[in-house]
Amino acid sequence: METSGWRAELYRLTLALAFLALVLSSSVALAATGDANRGEQLFTGSQAMANGGSPCIACHALAGLGTAGTASYGPDLSGLYADYEAEGVAAVLESLAFPSMEAIYTNRPLTEEERLDLTAFFAQSAEKQPPASQSLAGLILLGVIIVFTLVGLSGLRRFKGARRPLVEQAKKQRGVMQ
Ligand code: HEC
């Protein structure tokens with residue numbers, strides 16, 4: 001029964017991968033809950049932060065914001081969403097615990113709505129670049145389909161392999177020789 005052992009193992013692995021793909025695609029969906037336009041206004045400062053924090057653009061550049069987006073004290077945030085994913089961005093925005101930013105935001109934290117809106121804005125600007133998470137989820141799903149097909153085929157071969165001698169035997173018993 002060794003064969004069924006590795007097949008069960010493979011199925012378990014496949015299920016784990018399918019789950020991972022599901023989590024990845026839902027993290028993309030999570031970003032859709034904020035308002036990207038409002039996020040952009042918060043980023044650029046055309047709308048003030050509720051608790052008085054500085055707009056991010058004071059220090060950060062972000063591709064697609066024209067000449068206004070060329071600040072260079074902080075790192076360019078264009079690749080932020082691709083690097084961190086929705087949960088990562090949400091976590092970063094919750095604490096903003098970077099040395100140069102702590103002084104500003106520790107006592108002026110972003111509200112939950114502001115964090116969601118900024119996350120949606122980062123997600124939207126990431127769409128202008130290849131959305132890494134979506135293609136990764138797609139790749140994993142493709143892998144899952146391939147594994148299922150292979151496992152299915154190997155089962156089919158096993159079935160045929162077990163059946164053939166039985167058929168031969170039955171033919172012999174009836175005296176039908178080939
Ligand atoms: C006072 C200038 C300043 C402001 C305002 C500011 N940042 Fe920063 N930020 C920095 C600097 C400088 C760094 C680099 C790390 C450090 O030195 O603290 C940084 C780092 C970051 C990082 C980490 C980047 C990475 O590649 O890991 C993120 C994310 C970030 N900032 C997001 C924001 C967001 C979102 C806002 C607006 C809510 C914002 N920052 C406002 C100066 C600023």
# chains A, B, ... in the order shown; residues from 1 in each chain; ligands from 1

call {"tool": "closest_atom_pairs", "arguments": {"of": "chain A", "to": "ligand 1", "cutoff": "9 Å", "atoms": "only C-alpha atoms and all ligand atoms", "output": "tab-separated table"}}
result
residue	atom	partner	partner_atom_place_in_ligand_line	distance
A:Leu42	CA	ligand 1	38 (C)	7.6
A:Phe43	CA	ligand 1	37 (C)	6.0
A:Thr44	CA	ligand 1	37 (C)	8.8
A:Met49	CA	ligand 1	38 (C)	8.4
A:Gly53	CA	ligand 1	38 (C)	7.2
A:Ser54	CA	ligand 1	5 (C)	4.9
A:Pro55	CA	ligand 1	37 (C)	5.2
A:Cys56	CA	ligand 1	37 (C)	3.2
A:Ile57	CA	ligand 1	5 (C)	6.7
A:Ala58	CA	ligand 1	5 (C)	5.2
A:Cys59	CA	ligand 1	2 (C)	4.3
A:His60	CA	ligand 1	7 (N)	6.1
A:Ser72	CA	ligand 1	12 (C)	8.5
A:Tyr73	CA	ligand 1	12 (C)	5.4
A:Gly74	CA	ligand 1	11 (C)	3.6
A:Pro75	CA	ligand 1	13 (C)	5.8
A:Asp76	CA	ligand 1	26 (O)	7.3
A:Leu77	CA	ligand 1	24 (C)	6.5
A:Gly79	CA	ligand 1	26 (O)	7.9
A:Leu80	CA	ligand 1	26 (O)	6.4
A:Tyr81	CA	ligand 1	29 (C)	9.0
A:Asp83	CA	ligand 1	26 (O)	8.2
A:Tyr84	CA	ligand 1	27 (O)	8.6
A:Val89	CA	ligand 1	29 (C)	6.9
A:Val92	CA	ligand 1	29 (C)	5.9
A:Leu93	CA	ligand 1	35 (C)	5.9
A:Leu96	CA	ligand 1	32 (C)	6.6
A:Ala97	CA	ligand 1	18 (O)	7.6
A:Phe98	CA	ligand 1	18 (O)	3.8
A:Pro99	CA	ligand 1	18 (O)	3.8
A:Ser100	CA	ligand 1	18 (O)	3.8
A:Met101	CA	ligand 1	43 (C)	5.0
A:Glu102	CA	ligand 1	18 (O)	7.7
A:Ala103	CA	ligand 1	1 (C)	8.3
A:Ile104	CA	ligand 1	1 (C)	7.0
A:Tyr105	CA	ligand 1	38 (C)	8.0
A:Pro109	CA	ligand 1	38 (C)	8.7
A:Leu110	CA	ligand 1	38 (C)	7.1
A:Glu114	CA	ligand 1	38 (C)	8.7
A:Arg115	CA	ligand 1	35 (C)	8.2
A:Leu118	CA	ligand 1	35 (C)	7.0
A:Thr119	CA	ligand 1	35 (C)	8.5
A:Phe122	CA	ligand 1	35 (C)	8.9

call {"tool": "write_last_selection", "arguments": {"atoms": "C-alpha atoms", "output": "short mmCIF file (atom, residue, chain, number, x, y, z; two decimals), in the first residue's frame"}}
result
data_model
loop_
_atom_site.label_atom_id
_atom_site.label_comp_id
_atom_site.auth_asym_id
_atom_site.auth_seq_id
_atom_site.Cartn_x
_atom_site.Cartn_y
_atom_site.Cartn_z
CA LEU A 42 -4.31 61.50 1.67
CA PHE A 43 -1.00 60.55 0.09
CA THR A 44 -0.65 63.86 -1.73
CA MET A 49 -5.14 63.27 7.85
CA GLY A 53 -0.10 63.45 10.35
CA SER A 54 1.93 64.72 7.37
CA PRO A 55 1.00 63.60 3.88
CA CYS A 56 3.31 60.84 2.71
CA ILE A 57 4.31 62.81 -0.38
CA ALA A 58 6.22 65.25 1.82
CA CYS A 59 8.98 62.63 1.88
CA HIS A 60 8.02 59.83 -0.53
CA SER A 72 13.35 61.88 -2.17
CA TYR A 73 13.86 61.99 1.61
CA GLY A 74 12.07 58.66 2.07
CA PRO A 75 12.28 55.68 -0.34
CA ASP A 76 10.14 55.62 -3.49
CA LEU A 77 6.96 53.74 -2.59
CA GLY A 79 6.96 49.00 -5.41
CA LEU A 80 5.45 48.98 -1.92
CA TYR A 81 2.36 46.94 -2.71
CA ASP A 83 6.76 43.93 -1.99
CA TYR A 84 4.40 43.78 1.00
CA VAL A 89 0.88 47.25 3.75
CA VAL A 92 3.12 48.86 7.97
CA LEU A 93 0.51 51.62 7.97
CA LEU A 96 4.61 53.36 10.63
CA ALA A 97 7.48 52.42 12.92
CA PHE A 98 10.32 53.71 10.76
CA PRO A 99 12.86 55.93 12.55
CA SER A 100 12.23 59.00 10.39
CA MET A 101 8.45 58.66 10.62
CA GLU A 102 7.88 57.66 14.24
CA ALA A 103 8.22 61.23 15.49
CA ILE A 104 5.38 62.35 13.24
CA TYR A 105 2.97 59.44 13.42
CA PRO A 109 -1.71 57.65 13.93
CA LEU A 110 -3.65 57.01 10.73
CA GLU A 114 -7.19 56.16 6.15
CA ARG A 115 -5.14 52.95 6.23
CA LEU A 118 -4.03 54.29 1.38
CA THR A 119 -3.77 50.52 0.91
CA PHE A 122 -1.07 51.57 -3.27
#

call {"tool": "residues_around", "arguments": {"residues": "Thr111 of chain A", "least_positions_apart": "5", "cutoff": "9 Å", "atoms": "only C-alpha atoms", "output": "MDAnalysis selection string"}}
result
chainID A and resid 49:51 94 116

call {"tool": "write_last_selection", "arguments": {"atoms": "C-alpha atoms", "output": "compact mmCIF listing (two decimals), in the first residue's frame"}}
result
# COMPACT_ATOMS: atom_id res chain seq x y z
CA MET A 49 -5.14 63.27 7.85
CA ALA A 50 -7.75 63.12 10.63
CA ASN A 51 -5.09 63.08 13.37
CA GLU A 94 -0.73 50.60 11.40
CA LEU A 116 -7.68 51.12 4.05

call {"tool": "closest_residue", "arguments": {"among": "A:Arg12, A:Arg7, A:Arg164, A:Arg38", "to": "Glu113 of chain A", "atoms": "only C-alpha atoms"}}
result
A:Arg38

call {"tool": "closest_residue", "arguments": {"among": "A:Gln173, A:Ala36, A:Ala123, A:Leu150", "to": "Glu85 of chain A", "atoms": "only C-alpha atoms"}}
result
A:Ala123

call {"tool": "residues_around", "arguments": {"residues": "Phe148 of chain A", "least_positions_apart": "3", "cutoff": "8 Å", "atoms": "only C-alpha atoms", "output": "number ranges by chain"}}
result
A: 11, 14, 144-145, 151-152

call {"tool": "atom_distance", "arguments": {"atom1": "atom CA of Leu139 of chain A", "atom2": "atom CA of Leu13 of chain A"}}
result
15.4 Å

call {"tool": "closest_residue", "arguments": {"among": "A:Leu17, A:Ala120, A:Leu65, A:Ala71", "to": "Asp35 of chain A", "atoms": "only C-alpha atoms"}}
result
A:Ala120
